[in-house]
$ cat model04.txt   # compact mmCIF, C-alpha atoms
# COMPACT_ATOMS: atom_id res chain seq x y z
CA MET A 29 121.29 60.53 -120.90
CA SER A 30 120.74 60.05 -117.20
CA GLU A 31 118.60 57.05 -116.24
CA HIS A 32 116.26 59.52 -114.52
CA ASN A 33 115.69 61.58 -117.69
CA PHE A 34 113.15 60.69 -120.35
CA PHE A 35 114.75 63.19 -122.76
CA ASP A 36 118.09 64.96 -122.84
CA GLY A 37 118.54 67.24 -125.83
CA ASP A 38 118.78 70.84 -126.99
CA ALA A 39 115.31 72.35 -126.62
CA ILE A 40 112.03 71.49 -124.90
CA ILE A 41 108.96 73.07 -126.49
CA VAL A 42 105.90 73.23 -124.24
CA GLY A 43 102.82 73.58 -126.44
CA GLY A 44 102.16 71.49 -129.52
CA GLY A 45 99.87 73.90 -131.35
CA LEU A 46 100.58 75.47 -134.71
CA ALA A 47 103.45 77.67 -133.49
CA GLY A 48 105.04 74.92 -131.41
CA LEU A 49 104.98 72.38 -134.24
CA THR A 50 106.38 74.93 -136.70
CA LEU A 51 109.20 75.77 -134.29
CA ALA A 52 110.02 72.09 -133.79
CA LEU A 53 110.44 71.58 -137.55
CA ALA A 54 112.53 74.74 -137.89
CA MET A 55 114.80 73.77 -134.98
CA ASP A 56 115.19 70.27 -136.36
CA GLN A 57 116.35 71.70 -139.67
CA ALA A 58 118.79 73.92 -137.77
CA GLY A 59 120.41 70.80 -136.28
CA LEU A 60 118.81 70.80 -132.84
CA ARG A 61 117.33 67.84 -130.97
CA VAL A 62 113.88 68.80 -129.72
CA ALA A 63 111.03 67.52 -127.53
CA VAL A 64 107.45 68.80 -127.93
CA VAL A 65 105.10 68.49 -124.94
CA ASP A 66 101.35 69.02 -125.18
CA THR A 67 98.33 68.37 -122.96
CA LEU A 68 96.25 66.98 -125.83
CA PRO A 69 96.87 63.97 -128.05
CA ILE A 70 97.51 64.89 -131.66
CA ASP A 71 94.43 63.05 -132.97
CA THR A 72 92.15 65.20 -130.75
CA GLN A 73 93.60 68.37 -132.26
CA LEU A 74 92.96 67.11 -135.78
CA ALA A 75 89.20 66.62 -135.32
CA PRO A 76 87.04 69.13 -137.30
CA GLU A 77 85.22 70.07 -134.07
CA PHE A 78 88.43 71.05 -132.26
CA ASP A 79 89.20 74.33 -134.01
CA GLY A 80 86.98 75.98 -136.59
CA ARG A 81 89.40 78.76 -137.40
CA ALA A 82 91.24 79.30 -140.65
CA SER A 83 94.46 81.27 -140.89
CA ALA A 84 95.78 83.59 -143.55
CA LEU A 85 99.37 82.52 -144.17
CA ALA A 86 101.46 85.49 -145.30
CA PHE A 87 103.63 84.91 -148.35
CA THR A 88 106.75 84.81 -146.16
CA SER A 89 105.07 82.17 -143.98
CA TRP A 90 104.49 80.13 -147.12
CA ARG A 91 108.16 80.51 -148.02
CA LEU A 92 109.00 79.04 -144.62
CA PHE A 93 106.70 76.08 -145.26
CA GLU A 94 108.42 75.56 -148.61
CA ALA A 95 111.85 75.67 -146.97
CA LEU A 96 110.68 73.15 -144.35
CA GLY A 97 109.41 70.83 -147.10
CA ILE A 98 105.72 70.80 -146.15
CA ALA A 99 104.16 73.29 -148.59
CA ASP A 100 103.35 70.70 -151.26
CA GLU A 101 101.41 68.57 -148.78
CA LEU A 102 99.44 71.58 -147.51
CA ARG A 103 98.78 73.14 -150.93
CA PRO A 104 95.65 71.07 -151.81
CA TYR A 105 93.94 72.47 -148.70
CA THR A 106 94.70 76.12 -149.45
CA THR A 107 93.36 79.04 -151.45
CA ARG A 108 95.51 81.83 -152.87
CA ILE A 109 94.64 85.34 -151.68
CA GLU A 110 94.86 87.46 -154.82
CA HIS A 111 93.14 90.61 -153.53
CA ILE A 112 92.19 92.12 -150.19
CA MET A 113 89.31 94.59 -149.99
CA VAL A 114 89.09 96.79 -146.89
CA CYS A 115 85.98 98.90 -146.41
CA ASP A 116 84.35 100.96 -143.69
CA GLY A 117 81.06 99.12 -144.07
CA ARG A 118 77.75 99.46 -142.30
CA PRO A 119 75.36 96.51 -141.96
CA TYR A 120 71.97 98.19 -142.28
CA GLY A 121 71.26 100.80 -144.91
CA GLY A 122 74.91 101.60 -145.52
CA THR A 123 77.76 100.07 -147.43
CA ARG A 124 77.38 96.31 -147.52
CA PRO A 125 79.90 93.60 -148.35
CA GLY A 126 80.23 92.99 -152.05
CA GLY A 127 80.85 96.54 -153.21
CA PRO A 128 83.89 98.69 -152.53
CA GLY A 129 81.80 101.58 -151.26
CA PRO A 130 82.86 105.23 -151.28
CA HIS A 131 85.68 104.67 -148.77
CA SER A 132 87.67 101.53 -149.46
CA LEU A 133 91.16 100.19 -149.87
CA HIS A 134 92.12 97.60 -152.47
CA PHE A 135 95.28 95.50 -152.21
CA ASP A 136 96.17 93.68 -155.44
CA ARG A 137 99.01 91.16 -155.30
CA ARG A 138 99.99 92.03 -158.91
CA GLU A 139 101.43 95.29 -157.56
CA ILE A 140 104.17 93.35 -155.76
CA SER A 141 104.24 90.04 -157.68
CA GLU A 142 103.82 89.92 -161.45
CA GLY A 143 102.46 87.15 -163.64
CA PRO A 144 99.45 84.82 -163.32
CA GLU A 145 101.39 82.43 -161.05
CA GLY A 146 103.19 85.12 -159.07
CA GLU A 147 103.40 85.03 -155.30
CA PRO A 148 99.95 85.77 -153.80
CA LEU A 149 99.33 88.08 -150.85
CA GLY A 150 98.87 84.94 -148.77
CA TRP A 151 97.26 81.53 -148.56
CA MET A 152 94.12 80.63 -146.63
CA ALA A 153 94.09 77.28 -144.86
CA GLU A 154 91.84 75.81 -142.21
CA ASN A 155 93.82 75.32 -139.01
CA ARG A 156 92.94 71.62 -138.80
CA HIS A 157 94.59 70.94 -142.16
CA THR A 158 97.67 72.98 -141.28
CA ARG A 159 97.92 71.17 -137.95
CA LEU A 160 97.64 67.77 -139.68
CA VAL A 161 100.46 68.54 -142.12
CA LEU A 162 102.68 69.93 -139.35
CA ALA A 163 101.97 66.97 -137.04
CA ARG A 164 102.77 64.41 -139.73
CA ALA A 165 106.06 66.14 -140.47
CA VAL A 166 106.99 66.28 -136.77
CA LEU A 167 106.25 62.57 -136.30
CA GLU A 168 108.48 61.76 -139.29
CA ARG A 169 111.53 63.59 -137.90
CA PRO A 170 113.72 61.27 -135.78
CA ASN A 171 115.29 64.17 -133.86
CA ILE A 172 111.90 65.44 -132.66
CA ILE A 173 110.31 63.63 -129.71
CA SER A 174 106.55 64.19 -129.33
CA ILE A 175 105.20 63.70 -125.80
CA ALA A 176 101.41 63.89 -125.38
CA PRO A 177 99.01 63.96 -123.68
CA VAL A 178 100.73 65.22 -120.55
CA MET A 179 101.02 68.47 -118.61
CA ALA A 180 104.36 70.21 -118.14
CA GLU A 181 104.03 70.76 -114.41
CA ARG A 182 107.01 73.04 -113.78
CA TYR A 183 110.59 73.75 -114.80
CA GLU A 184 113.87 73.97 -112.90
CA ALA A 185 116.62 76.15 -114.35
CA ARG A 186 120.27 75.13 -113.86
CA PRO A 187 123.43 77.11 -114.70
CA ASP A 188 124.05 74.88 -117.73
CA GLY A 189 120.52 73.86 -118.67
CA VAL A 190 116.87 73.46 -117.73
CA ASP A 191 114.71 70.55 -116.59
CA VAL A 192 110.98 70.23 -117.24
CA ILE A 193 109.06 67.99 -114.86
CA LEU A 194 105.92 66.43 -116.33
CA ALA A 195 102.74 65.68 -114.38
CA ASP A 196 103.49 61.95 -114.58
CA GLY A 197 106.91 62.45 -112.98
CA ARG A 198 109.06 62.18 -116.08
CA ARG A 199 111.90 64.66 -116.38
CA LEU A 200 113.11 66.30 -119.59
CA SER A 201 116.45 68.06 -119.84
CA GLY A 202 117.72 70.57 -122.37
CA LYS A 203 119.62 73.76 -122.84
CA LEU A 204 116.50 75.80 -123.64
CA LEU A 205 112.83 75.78 -122.69
CA VAL A 206 110.45 77.37 -125.21
CA ALA A 207 107.00 78.42 -124.03
CA CYS A 208 104.42 77.98 -126.80
CA ASP A 209 101.60 77.55 -124.30
CA GLY A 210 99.35 80.45 -125.26
CA LYS A 211 98.23 83.83 -123.95
CA PHE A 212 97.90 82.54 -120.40
CA SER A 213 101.25 80.79 -120.38
CA ARG A 214 101.96 78.75 -117.24
CA ILE A 215 105.66 79.01 -117.95
CA ARG A 216 105.52 82.80 -118.15
CA ALA A 217 103.67 82.85 -114.84
CA GLN A 218 106.24 80.58 -113.16
CA ALA A 219 109.06 82.72 -114.55
CA LYS A 220 107.31 85.78 -113.06
CA ILE A 221 107.45 87.60 -116.39
CA ARG A 222 104.82 90.33 -116.34
CA SER A 223 102.40 90.95 -119.18
CA ALA A 224 100.17 93.87 -120.05
CA GLY A 225 96.84 93.76 -121.81
CA TRP A 226 93.09 94.03 -121.70
CA ASN A 227 89.94 92.40 -122.96
CA TYR A 228 87.98 94.11 -125.72
CA GLY A 229 84.59 92.96 -124.50
CA GLN A 230 84.25 91.33 -127.93
CA LYS A 231 84.25 87.79 -129.24
CA GLY A 232 85.16 86.57 -132.68
CA LEU A 233 82.41 84.35 -134.03
CA VAL A 234 83.97 81.88 -136.45
CA ALA A 235 81.95 79.95 -139.01
CA THR A 236 82.24 78.54 -142.52
CA VAL A 237 79.76 79.35 -145.28
CA ARG A 238 79.26 77.94 -148.74
CA HIS A 239 78.15 80.37 -151.44
CA ALA A 240 76.83 79.96 -154.95
CA GLU A 241 79.34 82.25 -156.69
CA PRO A 242 83.16 81.94 -156.68
CA HIS A 243 85.14 84.29 -154.44
CA ASN A 244 88.02 84.50 -156.96
CA GLY A 245 90.60 84.57 -154.18
CA VAL A 246 89.36 87.86 -152.71
CA ALA A 247 89.49 88.45 -148.95
CA TYR A 248 87.17 91.10 -147.50
CA GLU A 249 87.61 93.05 -144.26
CA TYR A 250 84.56 95.15 -143.41
CA PHE A 251 84.70 97.44 -140.40
CA LEU A 252 81.24 97.47 -138.90
CA PRO A 253 80.22 99.46 -135.79
CA SER A 254 80.23 96.29 -133.68
CA GLY A 255 83.68 95.24 -134.92
CA PRO A 256 85.45 93.84 -138.00
CA PHE A 257 83.66 91.35 -140.24
CA ALA A 258 86.11 89.30 -142.35
CA ILE A 259 85.20 87.06 -145.29
CA LEU A 260 88.19 84.87 -146.08
CA PRO A 261 88.38 82.61 -149.16
CA LEU A 262 88.55 78.82 -148.75
CA PRO A 263 88.60 76.04 -151.36
CA ASP A 264 85.43 74.82 -153.06
CA ASN A 265 83.26 77.97 -153.05
CA ARG A 266 83.51 78.36 -149.30
CA SER A 267 84.60 81.22 -147.05
CA SER A 268 85.65 81.45 -143.43
CA LEU A 269 83.98 84.20 -141.40
CA VAL A 270 85.56 86.04 -138.50
CA TRP A 271 82.60 88.01 -137.22
CA THR A 272 83.37 90.36 -134.32
CA GLU A 273 80.56 91.35 -131.97
CA PRO A 274 80.18 92.38 -128.32
CA SER A 275 80.55 89.21 -126.26
CA ASP A 276 76.88 88.84 -125.38
CA VAL A 277 75.81 89.29 -129.01
CA ALA A 278 78.40 86.78 -130.23
CA ASP A 279 77.22 84.23 -127.66
CA ALA A 280 73.62 84.74 -128.78
CA LEU A 281 74.58 84.30 -132.43
CA GLN A 282 76.51 81.16 -131.62
CA ALA A 283 73.48 79.70 -129.84
CA ALA A 284 70.86 80.98 -132.33
CA ASP A 285 68.74 78.56 -134.29
CA ALA A 286 69.47 78.07 -137.98
CA ASP A 287 66.82 80.51 -139.28
CA VAL A 288 67.84 83.38 -137.00
CA PHE A 289 71.53 82.87 -137.75
CA GLN A 290 70.83 82.73 -141.50
CA GLN A 291 68.98 86.06 -141.37
CA GLU A 292 71.68 87.80 -139.35
CA LEU A 293 74.36 86.36 -141.63
CA GLU A 294 72.62 87.63 -144.77
CA ASN A 295 72.21 91.09 -143.21
CA ARG A 296 75.98 91.39 -142.82
CA PHE A 297 77.27 89.30 -145.69
CA GLY A 298 75.08 90.67 -148.45
CA ASP A 299 74.22 88.76 -151.62
CA PHE A 300 77.28 89.46 -153.80
CA LEU A 301 78.31 85.78 -153.73
CA GLY A 302 74.80 84.49 -154.29
CA GLU A 303 72.92 82.13 -152.01
CA LEU A 304 74.64 81.41 -148.68
CA ARG A 305 74.58 78.24 -146.60
CA PRO A 306 76.41 77.92 -143.27
CA GLU A 307 78.36 74.70 -142.89
CA GLY A 308 79.48 73.02 -139.69
CA PRO A 309 79.46 74.32 -136.12
CA ARG A 310 80.09 77.87 -134.92
CA TRP A 311 82.75 78.94 -132.44
CA ALA A 312 83.11 82.12 -130.38
CA TYR A 313 86.55 83.16 -129.13
CA PRO A 314 87.09 86.01 -126.61
CA LEU A 315 89.26 88.80 -127.98
CA GLY A 316 91.87 90.78 -126.16
CA LEU A 317 95.42 92.07 -126.20
CA LYS A 318 98.20 90.57 -124.10
CA PHE A 319 101.87 91.48 -124.46
CA SER A 320 104.74 89.93 -122.51
CA GLU A 321 107.19 92.35 -120.91
CA ASN A 322 110.05 90.10 -122.08
CA PHE A 323 110.30 87.58 -124.91
CA CYS A 324 113.06 85.69 -123.10
CA ALA A 325 114.62 84.97 -119.73
CA GLU A 326 117.57 82.84 -118.68
CA ARG A 327 116.98 79.43 -120.35
CA ILE A 328 113.49 80.42 -121.59
CA ALA A 329 112.10 81.88 -124.82
CA PHE A 330 108.47 82.85 -125.46
CA VAL A 331 106.97 82.15 -128.89
CA GLY A 332 103.56 82.77 -130.46
CA ASP A 333 100.71 83.77 -128.18
CA ALA A 334 102.93 83.22 -125.11
CA ALA A 335 104.86 86.29 -126.29
CA ARG A 336 101.87 88.29 -127.47
CA GLY A 337 98.22 87.82 -128.35
CA ILE A 338 96.56 90.38 -130.62
CA HIS A 339 93.20 91.15 -132.20
CA PRO A 340 92.60 88.95 -135.29
CA LEU A 341 91.52 91.83 -137.55
CA ALA A 342 94.83 91.82 -139.46
CA GLY A 343 95.00 88.01 -139.61
CA GLN A 344 98.52 88.10 -138.22
CA GLY A 345 98.30 85.90 -135.11
CA PHE A 346 99.76 82.68 -136.51
CA ASN A 347 102.09 84.61 -138.83
CA LEU A 348 103.70 86.28 -135.82
CA GLY A 349 104.27 82.85 -134.29
CA ILE A 350 105.83 81.66 -137.56
CA ARG A 351 108.17 84.67 -137.57
CA ASP A 352 109.10 83.92 -133.97
CA ALA A 353 109.88 80.33 -134.90
CA ALA A 354 112.01 81.36 -137.88
CA ALA A 355 114.03 83.84 -135.81
CA LEU A 356 114.54 81.60 -132.77
CA ALA A 357 115.54 78.55 -134.82
CA GLU A 358 118.07 80.60 -136.77
CA VAL A 359 119.55 82.18 -133.62
CA CYS A 360 119.83 78.85 -131.80
CA GLY A 361 121.14 76.97 -134.83
CA GLU A 362 123.90 79.52 -135.40
CA ALA A 363 124.80 79.54 -131.69
CA LYS A 364 125.13 75.77 -131.57
CA ARG A 365 127.29 75.66 -134.71
CA VAL A 366 129.86 78.00 -133.17
CA GLY A 367 129.79 76.32 -129.77
CA LEU A 368 127.68 78.85 -127.87
CA ASP A 369 125.02 78.01 -125.30
CA ILE A 370 121.60 78.24 -126.99
CA GLY A 371 119.86 78.90 -123.67
CA ALA A 372 122.14 81.64 -122.41
CA LEU A 373 120.53 85.03 -122.01
CA THR A 374 123.10 86.62 -124.32
CA THR A 375 121.95 84.25 -127.10
CA LEU A 376 118.25 84.75 -126.45
CA ARG A 377 118.52 88.53 -126.35
CA ARG A 378 119.24 88.43 -130.07
CA TYR A 379 115.95 86.63 -130.64
CA GLU A 380 114.09 89.11 -128.44
CA GLY A 381 115.59 92.09 -130.24
CA TRP A 382 114.70 90.59 -133.60
CA ARG A 383 111.05 90.02 -132.73
CA LYS A 384 109.92 92.50 -130.09
CA PHE A 385 109.68 95.72 -132.11
CA ASP A 386 107.77 94.07 -134.96
CA SER A 387 105.40 92.50 -132.44
CA ALA A 388 104.86 95.72 -130.49
CA SER A 389 104.16 97.81 -133.57
CA LEU A 390 101.65 95.30 -134.94
CA ALA A 391 99.94 94.87 -131.56
CA ALA A 392 99.58 98.63 -131.22
CA GLY A 393 98.36 98.97 -134.79
CA THR A 394 95.62 96.35 -134.46
CA ASP A 395 94.52 97.82 -131.12
CA ILE A 396 94.23 101.33 -132.57
CA PHE A 397 92.44 100.11 -135.69
CA ASN A 398 89.93 98.12 -133.67
CA ARG A 399 89.15 101.07 -131.41
CA LEU A 400 89.00 103.54 -134.29
CA PHE A 401 86.69 101.45 -136.47
CA SER A 402 84.50 99.60 -133.92
CA ASN A 403 82.05 102.46 -133.49
CA ASP A 404 79.50 104.48 -135.42
CA ILE A 405 80.61 107.99 -134.45
CA GLU A 406 80.02 110.20 -137.49
CA PRO A 407 83.19 112.41 -137.32
CA LEU A 408 85.36 109.32 -136.86
CA ARG A 409 83.57 107.55 -139.72
CA GLN A 410 84.31 110.45 -142.04
CA LEU A 411 87.95 110.68 -140.93
CA ARG A 412 88.73 106.96 -141.29
CA GLY A 413 86.91 106.79 -144.62
CA ILE A 414 89.01 109.64 -145.98
CA GLY A 415 92.12 107.87 -144.67
CA LEU A 416 91.26 104.64 -146.50
CA SER A 417 90.59 106.57 -149.71
CA ILE A 418 93.89 108.47 -149.50
CA VAL A 419 95.97 105.31 -148.95
CA ASN A 420 94.10 103.62 -151.81
CA GLN A 421 95.25 106.36 -154.16
CA ILE A 422 98.94 106.18 -153.19
CA GLY A 423 100.66 103.21 -154.83
CA PRO A 424 103.84 103.22 -152.70
CA ALA A 425 101.71 103.27 -149.53
CA ARG A 426 99.63 100.32 -150.71
CA ARG A 427 102.74 98.33 -151.61
CA PHE A 428 104.38 99.14 -148.28
CA PHE A 429 101.36 97.85 -146.35
CA MET A 430 101.25 94.68 -148.47
CA ARG A 431 104.91 93.95 -147.81
CA GLN A 432 104.55 94.86 -144.13
CA ALA A 433 101.63 92.47 -143.71
CA GLY A 434 103.57 89.82 -145.60
CA GLY A 435 106.53 90.11 -143.23
CA ASP A 436 108.85 91.14 -146.05
CA THR A 437 110.32 94.30 -144.55
CA GLY A 438 113.42 94.92 -142.47
CA ASP A 439 115.70 91.92 -141.99
CA PRO A 440 113.55 88.78 -142.16
CA PRO A 441 115.06 85.48 -140.99
CA LYS A 442 116.34 83.03 -143.60
CA LEU A 443 113.31 80.76 -143.52
CA LEU A 444 111.02 83.69 -144.32
CA ARG A 445 113.15 84.31 -147.40
CA GLY A 446 112.75 80.67 -148.42
CA LYS A 447 116.28 79.62 -147.40
CA ARG A 448 116.89 76.40 -145.51
CA LEU A 449 118.72 76.55 -142.20
CA ASP A 450 120.85 73.50 -143.02
CA ALA A 451 122.10 74.95 -146.31
CA ALA A 452 125.79 75.76 -146.60
$ encode --input "model04.txt" --output "structure tokens"
Amino acid sequence: MSEHNFFDGDAIIVGGGLAGLTLALAMDQAGLRVAVVDTLPIDTQLAPEFDGRASALAFTSWRLFEALGIADELRPYTTRIEHIMVCDGRPYGGTRPGGPGPHSLHFDRREISEGPEGEPLGWMAENRHTRLVLARAVLERPNIISIAPVMAERYEARPDGVDVILADGRRLSGKLLVACDGKFSRIRAQAKIRSAGWNYGQKGLVATVRHAEPHNGVAYEYFLPSGPFAILPLPDNRSSLVWTEPSDVADALQAADADVFQQELENRFGDFLGELRPEGPRWAYPLGLKFSENFCAERIAFVGDAARGIHPLAGQGFNLGIRDAAALAEVCGEAKRVGLDIGALTTLRRYEGWRKFDSASLAAGTDIFNRLFSNDIEPLRQLRGIGLSIVNQIGPARRFFMRQAGGDTGDPPKLLRGKRLDAA
């Protein structure tokens, strides 16, 4: 290592969020020496007030966590998703959460995984718990260097590597720079990689509620005229809400006093889980679509929201980042083992080809669904309701969608099949 370099290794990951930490662990298992740079100290990101969201971890994402050796530590904080109910619901005078309604779609994990302890459709975990488990694992790995809090100011590509210059003047060197720095990636901007997208004029209001009756591992996705309303099961008779509204309405709900919020919540939630009580603060996140023109460039790969950011209605945001991490770690690990340059464009094109079509199809699907269902136009309501009913009656179609959402179609990377990257 040069005396001027603080780090000289294989990969530099800018962004220590969920996707960045997952990638660091995957690359470490693949035999790569990694640095993770983030603007926030880890303890700030672990505070309950930092991020109120919960994520649905697809069953292939859980396989990856098992292969990385962190599933057992995370398990006490999770809830199995046994069923998913999708309904074209209406908040006032129409179908309300709690009943399947005349036009609904029921996904039952027993159709693709038999037995009482079979693989669920997914696992729900609050982001703060997932981040804690990932951060602990990263800090325990000697080949992962965590550098925070500090800004990655810029990068300088070389023919045989890349340097990242931090705001405090330190210089990191590696073969590959990985941007995990979100939808508005500074690295993508410096690389002059274009992105396409738009705002939906909606925000996702996120809150946690406690209810009197058990949810029995059922996740609900209700399409209301203002946008999707998701009820996602958490441990201890609690559920996480992702409540989509026009931005001004979401802001008003976030700021509303307790009585007003309680009334609006009951109007949408219904009473099928008994008495409701909101717990903790509320958050409102702007929603939009952003898709990077390229998932790689010479010496750079884009992972997670830096590659694409989608509407949360399918609960696939973090899962897409996990799939990126699994693919990139496998590609780079194999390249290093046979003596190839992990940052060369020929290496990174394999990662891009593996991930771009899946990402594009899911981004387009969530965009179309959101536009189709976020309205109260009678002909469209009838059409989409008939569509849900038809799919619900066709077993192979239901099973295909369950496997598609779980990331278990096509040629998934080894980690998504539960196979370690350091196995012979």
$ atom_distance --input "model04.txt" --atom1 "atom CA of A:Ser223" --atom2 "atom CA of A:Lys318"
6.5 Å
$ atom_distance --input "model04.txt" --atom1 "atom CA of A:Asn171" --atom2 "atom CA of A:Arg61"
5.1 Å
$ closest_residue --input "model04.txt" --among "A:Val206, A:Leu260, A:Leu411, A:Ala280" --to "A:Gly343" --atoms "all atoms listed in the file"
A:Leu260
$ closest_residue --input "model04.txt" --among "A:Ile422, A:Ala278, A:Ile175, A:Val114" --to "A:Tyr313" --atoms "all atoms listed in the file"
A:Ala278
$ closest_residue --input "model04.txt" --among "A:Thr272, A:Ser267, A:Gln290, A:Ser320" --to "A:Ala219" --atoms "all atoms listed in the file"
A:Ser320
$ atom_distance --input "model04.txt" --atom1 "atom CA of A:Leu96" --atom2 "atom CA of A:Leu269"
29.0 Å
$ closest_residue --input "model04.txt" --among "A:Asp395, A:Asp299, A:Asp56, A:Glu181" --to "A:Ile215" --atoms "all atoms listed in the file"
A:Glu181
$ closest_residue --input "model04.txt" --among "A:Arg156, A:Arg164, A:His339, A:His243" --to "A:Asn227" --atoms "all atoms listed in the file"
A:His339
$ closest_residue --input "model04.txt" --among "A:Ala388, A:Ala372, A:Leu53, A:Met152" --to "A:Leu348" --atoms "only C-alpha atoms"
A:Ala388
$ residues_around --input "model04.txt" --residues "A:Arg182" --least-positions-apart "3" --cutoff "8 Å" --atoms "only C-alpha atoms" --output "list in words"
Val192, Ile193, Leu194, Ile215 and Gln218 of chain A
$ write_last_selection --input "model04.txt" --atoms "C-alpha atoms" --output "short mmCIF file (atom, residue, chain, number, x, y, z; two decimals), in the coordinates of the input"
data_model
loop_
_atom_site.label_atom_id
_atom_site.label_comp_id
_atom_site.auth_asym_id
_atom_site.auth_seq_id
_atom_site.Cartn_x
_atom_site.Cartn_y
_atom_site.Cartn_z
CA VAL A 192 110.98 70.23 -117.24
CA ILE A 193 109.06 67.99 -114.86
CA LEU A 194 105.92 66.43 -116.33
CA ILE A 215 105.66 79.01 -117.95
CA GLN A 218 106.24 80.58 -113.16
#
$ residues_around --input "model04.txt" --residues "A:Glu101" --least-positions-apart "2" --cutoff "12 Å" --atoms "all atoms listed in the file" --output "mmCIF file with C-alpha atoms, keeping the file's coordinate frame"
data_model
loop_
_atom_site.group_PDB
_atom_site.id
_atom_site.type_symbol
_atom_site.label_atom_id
_atom_site.label_comp_id
_atom_site.auth_asym_id
_atom_site.auth_seq_id
_atom_site.Cartn_x
_atom_site.Cartn_y
_atom_site.Cartn_z
ATOM 1 C CA PHE A 93 106.700 76.080 -145.260
ATOM 2 C CA GLU A 94 108.420 75.560 -148.610
ATOM 3 C CA LEU A 96 110.680 73.150 -144.350
ATOM 4 C CA GLY A 97 109.410 70.830 -147.100
ATOM 5 C CA ILE A 98 105.720 70.800 -146.150
ATOM 6 C CA ALA A 99 104.160 73.290 -148.590
ATOM 7 C CA ARG A 103 98.780 73.140 -150.930
ATOM 8 C CA PRO A 104 95.650 71.070 -151.810
ATOM 9 C CA TYR A 105 93.940 72.470 -148.700
ATOM 10 C CA THR A 106 94.700 76.120 -149.450
ATOM 11 C CA HIS A 157 94.590 70.940 -142.160
ATOM 12 C CA THR A 158 97.670 72.980 -141.280
ATOM 13 C CA ARG A 159 97.920 71.170 -137.950
ATOM 14 C CA LEU A 160 97.640 67.770 -139.680
ATOM 15 C CA VAL A 161 100.460 68.540 -142.120
ATOM 16 C CA LEU A 162 102.680 69.930 -139.350
ATOM 17 C CA ALA A 163 101.970 66.970 -137.040
ATOM 18 C CA ARG A 164 102.770 64.410 -139.730
ATOM 19 C CA ALA A 165 106.060 66.140 -140.470
#
$ residues_around --input "model04.txt" --residues "A:Phe212" --least-positions-apart "5" --cutoff "9 Å" --atoms "all atoms listed in the file" --output "list in words"
Ala217, Lys318, Asp333 and Ala334 of chain A
$ residues_around --input "model04.txt" --residues "A:Leu408" --least-positions-apart "6" --cutoff "12 Å" --atoms "all atoms listed in the file" --output "ChimeraX atom specification"
/A:116,253,397,399-402,414-415
$ residues_around --input "model04.txt" --residues "A:Ile396" --least-positions-apart "6" --cutoff "12 Å" --atoms "all atoms listed in the file" --output "PyMOL selection string"
chain A and resi 228+317+338-339+341-342+389-390+402+412
$ closest_atom_pairs --input "model04.txt" --of "stretch 178-267 of chain A" --to "stretch 291-298 of chain A" --cutoff "10 Å" --atoms "all atoms listed in the file" --output "Markdown table"
| residue | atom | partner | partner_atom | distance |
| --- | --- | --- | --- | --- |
| A:Val237 | CA | A:Leu293 | CA | 9.6 |
| A:Tyr250 | CA | A:Arg296 | CA | 9.4 |
| A:Leu252 | CA | A:Arg296 | CA | 8.9 |
| A:Phe257 | CA | A:Arg296 | CA | 8.1 |
| A:Ala258 | CA | A:Phe297 | CA | 9.4 |
| A:Ile259 | CA | A:Phe297 | CA | 8.3 |
$ write_last_selection --input "model04.txt" --atoms "C-alpha atoms" --output "mmCIF file, keeping the file's coordinate frame"
data_model
loop_
_atom_site.group_PDB
_atom_site.id
_atom_site.type_symbol
_atom_site.label_atom_id
_atom_site.label_comp_id
_atom_site.auth_asym_id
_atom_site.auth_seq_id
_atom_site.Cartn_x
_atom_site.Cartn_y
_atom_site.Cartn_z
ATOM 1 C CA VAL A 237 79.760 79.350 -145.280
ATOM 2 C CA TYR A 250 84.560 95.150 -143.410
ATOM 3 C CA LEU A 252 81.240 97.470 -138.900
ATOM 4 C CA PHE A 257 83.660 91.350 -140.240
ATOM 5 C CA ALA A 258 86.110 89.300 -142.350
ATOM 6 C CA ILE A 259 85.200 87.060 -145.290
#
$ build_atoms --input "model04.txt" --residues "stretch 417-423 of chain A" --atoms "N, CA and C atoms" --output "short mmCIF file (atom, residue, chain, number, x, y, z; two decimals), keeping the file's coordinate frame"
data_model
loop_
_atom_site.label_atom_id
_atom_site.label_comp_id
_atom_site.auth_asym_id
_atom_site.auth_seq_id
_atom_site.Cartn_x
_atom_site.Cartn_y
_atom_site.Cartn_z
N SER A 417 90.58 106.10 -148.32
CA SER A 417 90.59 106.57 -149.71
C SER A 417 91.95 107.14 -150.11
N ILE A 418 92.59 107.88 -149.19
CA ILE A 418 93.89 108.47 -149.50
C ILE A 418 94.94 107.38 -149.72
N VAL A 419 94.99 106.40 -148.80
CA VAL A 419 95.97 105.31 -148.95
C VAL A 419 95.70 104.54 -150.24
N ASN A 420 94.43 104.37 -150.59
CA ASN A 420 94.10 103.62 -151.81
C ASN A 420 94.62 104.31 -153.06
N GLN A 421 94.80 105.62 -152.99
CA GLN A 421 95.25 106.36 -154.16
C GLN A 421 96.78 106.50 -154.24
N ILE A 422 97.48 106.04 -153.22
CA ILE A 422 98.94 106.18 -153.19
C ILE A 422 99.59 104.81 -153.34
N GLY A 423 100.08 104.52 -154.53
CA GLY A 423 100.66 103.21 -154.83
C GLY A 423 101.76 102.79 -153.88
#
